[in-house]
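A.B. asks: Here you go, one structure.
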Amino acid sequence: MIIAYCPSTSGLTRIELAPGDQLPTTSVWIDLVRPTLEEQKTAEKLMGAAIPTREEITSIETSARLYDEPGAIVMTAILPMAAKALDPELSSVTFVLSSKRLVTVRYGEPKSVAICARKVQTDTTIAHTGSAVLFTMLDIIVDRCADVMEEASSLYDTLSLQVFEEGLTSRKTKSYQSAIKEQGRIGLQIAKMHDVCASFSRMMLFLASHAQKVSLNEEQIEQCRLAGRDIHSIKEHGDALDNKLSFLLDATIGLVTLEQNQIIKIFSVLGVIFLPPTLIASIYGMNFINMPELKWDFGFFFSLALMFGSVAVTFLFFRMKKLL
């Protein structure tokens with residue numbers, strides 16, 4: 001599908017082209033959504049530069065996702081939806097930028113692109129150039145990166161309270177299992193955001209170094225630097241959160257070990273408590289002829305009293321030592 005955005009008095013007008021329709025020559029932004037080979041060729045004719053196919057986007061090395069084309073630059077980056085999408089192909093977006101227009105190639109539905117599409121249709125302050133649309137989208141992407149990282153931070157805070165506030169007051173094996181699983185999910189989200197930040201850091205450097213080719217002005221070059229700094233700060237936040245998450249995981253596993261030790265301690269103490277009555281029963285179970293209590297009328301009750309008394313004394317001893 002081809003979606004073209006053309007200049008109008010109220011911003012950029014969105015035009016969704018049907019198969020066979022001509023692409024308007026005034027298009028400032030051409031959004032290719034899961035394009036066919038035919039639709040891709042149509043965009044290439046107007047753009048004057050080759051647009052990579054889906055196979056080319058996924059097959060090239062990460063370091064080769066930024067390169068020059070005659071009259072344009074091609075940049076493939078990972079959008080913040082990578083933190084939630086399992087398929088890396090769905091989260092990658094290719095930007096083909098020339099001095100006049102921008103082409104985006106995507107196979108997923110990134111929220112950043114949808115927000116940008118709404119903004120360029122209503123905001124009359126955005127210049128009708130491809131670079132202006134790109135920088136509008138970059139601002140939105142940086143905000144989305146911050147939002148995803150803040151969401152992960154909020155989940156971490158909730159999880160840490162759940163782990164540490166409850167303590168060892170009850171058996172919570174299932175609760176700990178759920179906590180470890182949630183920590184793993186947050187860790188994967190942070191790891192993917194690291195990929196996003198690394199991808200955009202390289203893209204900002206590449207864009208700034210090719211500013212003259214795509215006719216970037218001084219303000220846009222400065223925006224590249226600011227966006228790079230913002231991405232770097234988001235990555236640092238992610239690094240700090242990753243360290244805290246490692247600590248929380250170690251603490252959770254430690255609490256699981258403590259809970260298991262509590263259970264083992266109970267069995268050990270019970271074994272020690274019932275050891276004296278077992279010893280008494282063993283003595284009176286011996287087959288000696290001259291055992292005084294054998295012919296005593298109260299011998300049976302005497303032995304039971306000894307057993308119960310030994311249990312009580314041992315139990316009180318452990319209570320005094322606070323082992324129970």
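Ordering of the structure tokens sets the chain letters (A, B, ...), residue numbers begin anew at 1 in every chain, and ligands are numbered from 1 in the order given.
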Hey, which bits of stretch 63-129 of chain A sit within 12 Å of stretch 42-45 of chain A, and for each residue what's the closest pair of atoms and how far apart in Å (one decimal), counting only C-alpha atoms, rows by chain and increasing number, as JSON lines?
C.D. replies:
```
{"residue": "A:Glu69", "atom": "CA", "partner": "A:Glu44", "partner_atom": "CA", "distance": 11.3}
{"residue": "A:Pro70", "atom": "CA", "partner": "A:Glu44", "partner_atom": "CA", "distance": 11.5}
{"residue": "A:Gly71", "atom": "CA", "partner": "A:Glu44", "partner_atom": "CA", "distance": 11.7}
{"residue": "A:Ala72", "atom": "CA", "partner": "A:Glu44", "partner_atom": "CA", "distance": 11.0}
{"residue": "A:Val96", "atom": "CA", "partner": "A:Glu44", "partner_atom": "CA", "distance": 10.0}
{"residue": "A:Leu97", "atom": "CA", "partner": "A:Glu44", "partner_atom": "CA", "distance": 11.8}
{"residue": "A:Ser98", "atom": "CA", "partner": "A:Glu44", "partner_atom": "CA", "distance": 11.8}
{"residue": "A:Arg101", "atom": "CA", "partner": "A:Ala43", "partner_atom": "CA", "distance": 10.9}
{"residue": "A:Leu102", "atom": "CA", "partner": "A:Ala43", "partner_atom": "CA", "distance": 10.4}
{"residue": "A:Val103", "atom": "CA", "partner": "A:Ala43", "partner_atom": "CA", "distance": 7.9}
{"residue": "A:Thr104", "atom": "CA", "partner": "A:Ala43", "partner_atom": "CA", "distance": 10.2}
{"residue": "A:Val105", "atom": "CA", "partner": "A:Ala43", "partner_atom": "CA", "distance": 10.4}
```
A.B. asks: Go ahead and save the picked residues with N, CA and C atoms, as a CSV table (one decimal), in the first residue's frame.
C.D. replies:
```
chain,number,residue,atom,x,y,z
A,69,GLU,N,22.7,6.6,-1.7
A,69,GLU,CA,22.2,6.3,-3.1
A,69,GLU,C,22.3,7.6,-3.9
A,70,PRO,N,22.3,7.5,-5.2
A,70,PRO,CA,22.4,8.8,-6.0
A,70,PRO,C,21.2,9.7,-5.6
A,71,GLY,N,21.6,10.9,-5.0
A,71,GLY,CA,20.6,11.9,-4.7
A,71,GLY,C,19.8,11.6,-3.4
A,72,ALA,N,20.2,10.6,-2.7
A,72,ALA,CA,19.4,10.3,-1.4
A,72,ALA,C,20.3,9.4,-0.5
A,96,VAL,N,14.3,6.6,3.4
A,96,VAL,CA,15.0,7.0,2.2
A,96,VAL,C,14.8,8.6,2.1
A,97,LEU,N,15.8,9.3,2.3
A,97,LEU,CA,15.7,10.8,2.4
A,97,LEU,C,16.4,11.5,1.3
A,98,SER,N,15.8,12.4,0.6
A,98,SER,CA,16.4,13.2,-0.4
A,98,SER,C,16.3,14.7,0.1
A,101,ARG,N,12.0,15.1,-0.6
A,101,ARG,CA,11.0,14.2,0.0
A,101,ARG,C,11.6,13.0,0.8
A,102,LEU,N,10.7,12.4,1.5
A,102,LEU,CA,11.0,11.3,2.4
A,102,LEU,C,10.2,10.1,2.0
A,103,VAL,N,10.8,8.9,2.0
A,103,VAL,CA,10.1,7.6,1.8
A,103,VAL,C,10.3,6.7,3.0
A,104,THR,N,9.3,6.2,3.5
A,104,THR,CA,9.4,5.2,4.6
A,104,THR,C,8.9,3.9,4.2
A,105,VAL,N,9.6,2.8,4.5
A,105,VAL,CA,9.3,1.5,4.1
A,105,VAL,C,9.1,0.7,5.4
```
A.B. asks: Find the residues of stretch 105-168 of chain A that sit at most 9 Å from stretch 219-226 of chain A; for each, write down the nearest two atoms and how far apart they are in Å, to one decimal. Count only C-alpha atoms. Sort by chain, then by number going up, and give it as JSON lines.
C.D. replies:
```
{"residue": "A:Ser131", "atom": "CA", "partner": "A:Gln220", "partner_atom": "CA", "distance": 8.3}
{"residue": "A:Ala132", "atom": "CA", "partner": "A:Gln220", "partner_atom": "CA", "distance": 8.3}
{"residue": "A:Phe135", "atom": "CA", "partner": "A:Gln220", "partner_atom": "CA", "distance": 7.5}
{"residue": "A:Asp139", "atom": "CA", "partner": "A:Gln223", "partner_atom": "CA", "distance": 9.0}
```
A.B. asks: Write to file, as a short mmCIF file (atom, residue, chain, number, x, y, z; two decimals), in the first residue's frame, the residues of the selection just made, with C-alpha atoms.
C.D. replies:
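Done, and the output landed in part-v4.cif:
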```cif
data_model
loop_
_atom_site.label_atom_id
_atom_site.label_comp_id
_atom_site.auth_asym_id
_atom_site.auth_seq_id
_atom_site.Cartn_x
_atom_site.Cartn_y
_atom_site.Cartn_z
CA SER A 131 13.65 16.42 6.13
CA ALA A 132 11.07 18.40 8.16
CA PHE A 135 12.70 15.36 12.15
CA ASP A 139 11.12 13.80 17.94
#
```
A.B. asks: With a distance cut-off of 10 Å and only C-alpha atoms, select the neighbouring residues of A:Gly184, excluding the residue or stretch itself and same-chain residues fewer than 6 positions from it, and output the selection as a count of residues only.
C.D. replies: 5
A.B. asks: Name all residues at most 9 Å from A:Ser215 (count only C-alpha atoms; drop same-chain ones fewer than 2 positions away) and give them as a ChimeraX atom specification.
C.D. replies: /A:98-100,131,210-213,217
A.B. asks: Pick out the closest residue to A:Gly187 from this set: A:Ala240, A:Ala305, A:Leu12, A:Leu316. Count only C-alpha atoms.
C.D. replies: A:Ala240
A.B. asks: Based on DSSP run over this structure's backbone, return all residues of stretch 65-291 of chain A in helix (DSSP H, G or I), as a ChimeraX atom specification.
C.D. replies: /A:80-83,88-91,111-122,130-166,173-209,218-273,275-284
A.B. asks: Near A:Thr36, counting only C-alpha atoms, which residues have an atom at most 12 Å away, once you skip same-chain residues fewer than 2 positions from it, shown as a ChimeraX atom specification?
C.D. replies: /A:1-2,19-20,32-34,38-43,51-54,105-107
A.B. asks: If I take atom CA of A:Leu138 and atom CA of A:Ala191, how far is one from the other in Å, to one decimal?
C.D. replies: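 According to the coordinates, atom CA of A:Leu138 and atom CA of A:Ala191 are separated by 20.8 Å.
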A.B. asks: Show which residues sit within 12 Å of A:Ala114, as a list in words. Count only C-alpha atoms, and ignore same-chain residues fewer than 3 positions away.
C.D. replies: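 Residues near the query, excluding close chain neighbours: Ile3, Arg14, Asp31, Val33, Arg106, Gly108, Glu109, Pro110, Lys111, Ala117, Arg118, Lys119, Val120, Gln121, Thr136, Met137, Ile140, Ile141 and Arg144 of chain A.
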